[in-house]
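*Asks:* First the structure, which I've put down as structure tokens, then a few questions once you've had a look.
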Amino acid sequence: MPGTTLSIPTPDGSSDAFAAFPDGGGTHPGVLLYPDAFGPRPVLWNMARQLAGHGYYVLVPNVFYRHRPAPVFDLPEHVTAENRPALFGQIMPLIEAHTAERALSDAAAYLDFLTAQREVGDGPVATIGYCMGAVLAMRTATAHPDRVAAVAGFHPGALVTDGPDSPHRQIPDLTAKVHLGLAENDMTPEAITEISQAFDAAGVGYSCEIYPGTVHGFTMSDTDAFDEAGSRRHWERLLALLGSTLR
């Protein structure tokens, strides 16, 4: 699939981004894909191309653009349990600096940019994310219920917290259909119950599924968390969600 690098105007400057879309012209449903904590990098761009091959325009923003263009971190070719702690020493300050306020400001800019592309058709879009990106996808969807028809989050970050800005507290504003694909230890049973009750109360369609035998990060083939069966299930669930909401 064709891919291109882009620059997205935001209130705080300019966010670099990658976009993939089907060849051959025409318009396609838009998908905003938020990366995991390691940021945009070849594995995410390849996933965007794979999704574009199913008929979508996929935009992958660099949510850490305030610090450095993508790839943001000097990652090894393969992230292992041994090098992960040192990497997170670099990554966590950037995650902590990416507040809910910054995320929402960026989300509006990303949606405006995505829907303005000539290859993107009219109608609502989907927001999807991995790890911390799942949190950003949910924040985007709850802040823009008239623009987002589907949300998918895989091995998500903290969707249920004690904070007043916890993503699950914004679910009453949600209208999108949701799928959450969890690794076995991503969320406690209590957190799953709490977010499920929030979805039920909002009256939205959702599924929240634990993928057997997986650990956090199971979709990312450049890490030792990758699980082939979990990744395959993630694609099946994602494509079914998008096909039922954006077509």
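Lettering and numbering for the structure tokens are positional, with chains as A, B, ... in the shown order, residues counted from 1 in each chain, and ligands counted from 1 in the shown order.
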Based on DSSP run over this structure's backbone, return all residues of stretch 52-212 of chain A in alpha helix (DSSP H), as a ChimeraX atom specification.

*Replies:* /A:52,84-97,100-116,132-143,189-202

*Asks:* May I have a table of the residues of stretch 34-109 of chain A lying at most 12 Å from stretch 127-147 of chain A, giving each one's closest pair of atoms and their distance in Å to one decimal, counting only C-alpha atoms, ordered by chain and ascending residue number, as a tab-separated table?

*Replies:*
```
residue	atom	partner	partner_atom	distance
A:Tyr34	CA	A:Gly129	CA	4.5
A:Pro35	CA	A:Gly133	CA	5.1
A:Asp36	CA	A:Tyr130	CA	4.8
A:Ala37	CA	A:Met132	CA	5.9
A:Phe38	CA	A:Cys131	CA	9.4
A:Gly39	CA	A:Gly133	CA	9.2
A:Pro40	CA	A:Gly133	CA	10.7
A:Leu44	CA	A:Tyr130	CA	9.9
A:Met47	CA	A:Tyr130	CA	11.5
A:Ala48	CA	A:Ile128	CA	10.9
A:Leu51	CA	A:Ile128	CA	11.4
A:Tyr57	CA	A:Thr127	CA	11.8
A:Val58	CA	A:Thr127	CA	9.8
A:Leu59	CA	A:Thr127	CA	9.8
A:Val60	CA	A:Gly129	CA	9.8
A:Pro61	CA	A:Gly133	CA	10.5
A:Asn62	CA	A:Gly133	CA	10.8
A:Val63	CA	A:Gly133	CA	9.1
A:Phe64	CA	A:Gly133	CA	11.6
A:Ile91	CA	A:Met132	CA	11.5
A:Met92	CA	A:Met132	CA	11.0
A:Leu94	CA	A:Met132	CA	11.6
A:Ile95	CA	A:Met132	CA	8.3
A:Glu96	CA	A:Met132	CA	10.9
A:His98	CA	A:Leu136	CA	10.1
A:Thr99	CA	A:Leu136	CA	10.2
A:Ala100	CA	A:Arg139	CA	8.1
A:Glu101	CA	A:Arg139	CA	10.2
A:Arg102	CA	A:Leu136	CA	10.3
A:Ala103	CA	A:Leu136	CA	6.7
A:Leu104	CA	A:Thr140	CA	6.6
A:Ser105	CA	A:Thr140	CA	9.6
A:Asp106	CA	A:Thr140	CA	9.1
A:Ala107	CA	A:Thr140	CA	5.7
A:Ala108	CA	A:Thr140	CA	7.8
A:Ala109	CA	A:Thr140	CA	10.6
```

*Asks:* Counting only C-alpha atoms, which of A:Phe21, A:Trp45, A:Tyr56, A:Tyr110 gets nearest to A:Pro9?

*Replies:*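 Under the stated criterion, the closest residue is A:Tyr110.
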
*Asks:* Which residues are close to A:Val148, i.e. within 6 Å by only C-alpha atoms, leaving aside same-chain residues fewer than 4 positions away? Reply as JSON, numbers by chain.

*Replies:* {"A": [124, 125, 126, 141]}

*Asks:* Could you pull out all residues of stretch 5-176 of chain A with a DSSP call of strand (DSSP E) and give them as number ranges by chain?

*Replies:* A: 5-10, 13-20, 30-34, 57-61, 125-130, 148-154

*Asks:* Go through A:Leu174, A:Met1, A:Ala20, A:Val43 one by one, measure the shortest atom-to-atom distance of each to A:Met220 using only C-alpha atoms, and give the residue with the smallest value.

*Replies:*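 Checking each candidate against A:Met220, we get A:Val43 as the closest.
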
*Asks:* Suppose you want the space between atom CA of A:Pro71 and atom CA of A:Thr10; what is it in Å?

*Replies:*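 Between atom CA of A:Pro71 and atom CA of A:Thr10 the gap is 19.0 Å.
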
*Asks:* Measuring between only C-alpha atoms, which one of A:Thr188, A:His216, A:Ser221, A:Ala150 shows the shortest distance to A:Thr245?

*Replies:*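 Of the candidates, the smallest distance to A:Thr245 is held by A:Ala150.
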
*Asks:* Select, from A:Glu119, A:Asp224, A:Asp173, A:Asp186, the residue with the minimum atom-to-atom distance to A:Gly30, counting only C-alpha atoms.

*Replies:*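 The closest residue to A:Gly30 is A:Glu119.
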
*Asks:* Quick one: pull the distance between atom CA of A:Asp74 and atom CA of A:Pro42, Å, one decimal.

*Replies:*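 That distance, rounded to one decimal, is 12.4 Å.
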
*Asks:* Please list as a PyMOL selection string every residue within 9 Å of A:Thr223, counting only C-alpha atoms and excluding residues in the same chain fewer than 4 positions away.

*Replies:* chain A and resi 77-81+217-219

*Asks:* Can you spit out the residues from that selection as an mmCIF file, in the first residue's frame, using N, CA, C and O atoms?

*Replies:*
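Full text of out_19.cif as output:
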```cif
data_model
loop_
_atom_site.group_PDB
_atom_site.id
_atom_site.type_symbol
_atom_site.label_atom_id
_atom_site.label_comp_id
_atom_site.auth_asym_id
_atom_site.auth_seq_id
_atom_site.Cartn_x
_atom_site.Cartn_y
_atom_site.Cartn_z
ATOM 1 N N GLU A 77 16.671 -3.401 17.598
ATOM 2 C CA GLU A 77 15.898 -4.075 16.545
ATOM 3 C C GLU A 77 14.778 -4.908 17.143
ATOM 4 O O GLU A 77 13.702 -5.030 16.549
ATOM 5 N N HIS A 78 15.017 -5.464 18.342
ATOM 6 C CA HIS A 78 13.992 -6.266 19.009
ATOM 7 C C HIS A 78 14.016 -5.915 20.500
ATOM 8 O O HIS A 78 15.075 -5.981 21.138
ATOM 9 N N VAL A 79 12.858 -5.526 21.040
ATOM 10 C CA VAL A 79 12.753 -5.143 22.452
ATOM 11 C C VAL A 79 12.534 -6.402 23.281
ATOM 12 O O VAL A 79 11.580 -7.156 23.061
ATOM 13 N N THR A 80 13.411 -6.610 24.245
ATOM 14 C CA THR A 80 13.339 -7.789 25.106
ATOM 15 C C THR A 80 13.058 -7.368 26.549
ATOM 16 O O THR A 80 13.087 -6.179 26.892
ATOM 17 N N ALA A 81 12.802 -8.363 27.371
ATOM 18 C CA ALA A 81 12.584 -8.083 28.793
ATOM 19 C C ALA A 81 13.814 -7.455 29.423
ATOM 20 O O ALA A 81 13.702 -6.671 30.369
ATOM 21 N N GLY A 217 1.420 -6.122 25.081
ATOM 22 C CA GLY A 217 2.224 -5.853 23.903
ATOM 23 C C GLY A 217 2.146 -6.929 22.845
ATOM 24 O O GLY A 217 2.939 -6.926 21.892
ATOM 25 N N PHE A 218 1.167 -7.821 22.941
ATOM 26 C CA PHE A 218 1.160 -9.031 22.116
ATOM 27 C C PHE A 218 1.008 -8.774 20.616
ATOM 28 O O PHE A 218 1.244 -9.675 19.813
ATOM 29 N N THR A 219 0.614 -7.569 20.196
ATOM 30 C CA THR A 219 0.480 -7.302 18.765
ATOM 31 C C THR A 219 1.778 -6.828 18.119
ATOM 32 O O THR A 219 1.857 -6.753 16.884
#
```

*Asks:* Taking only C-alpha atoms into account, name the residue in A:Ala183, A:Ala17, A:Ile195, A:Ala152 that is nearest to A:Ile171.

*Replies:*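 The answer is A:Ile195, which sits nearest to A:Ile171.
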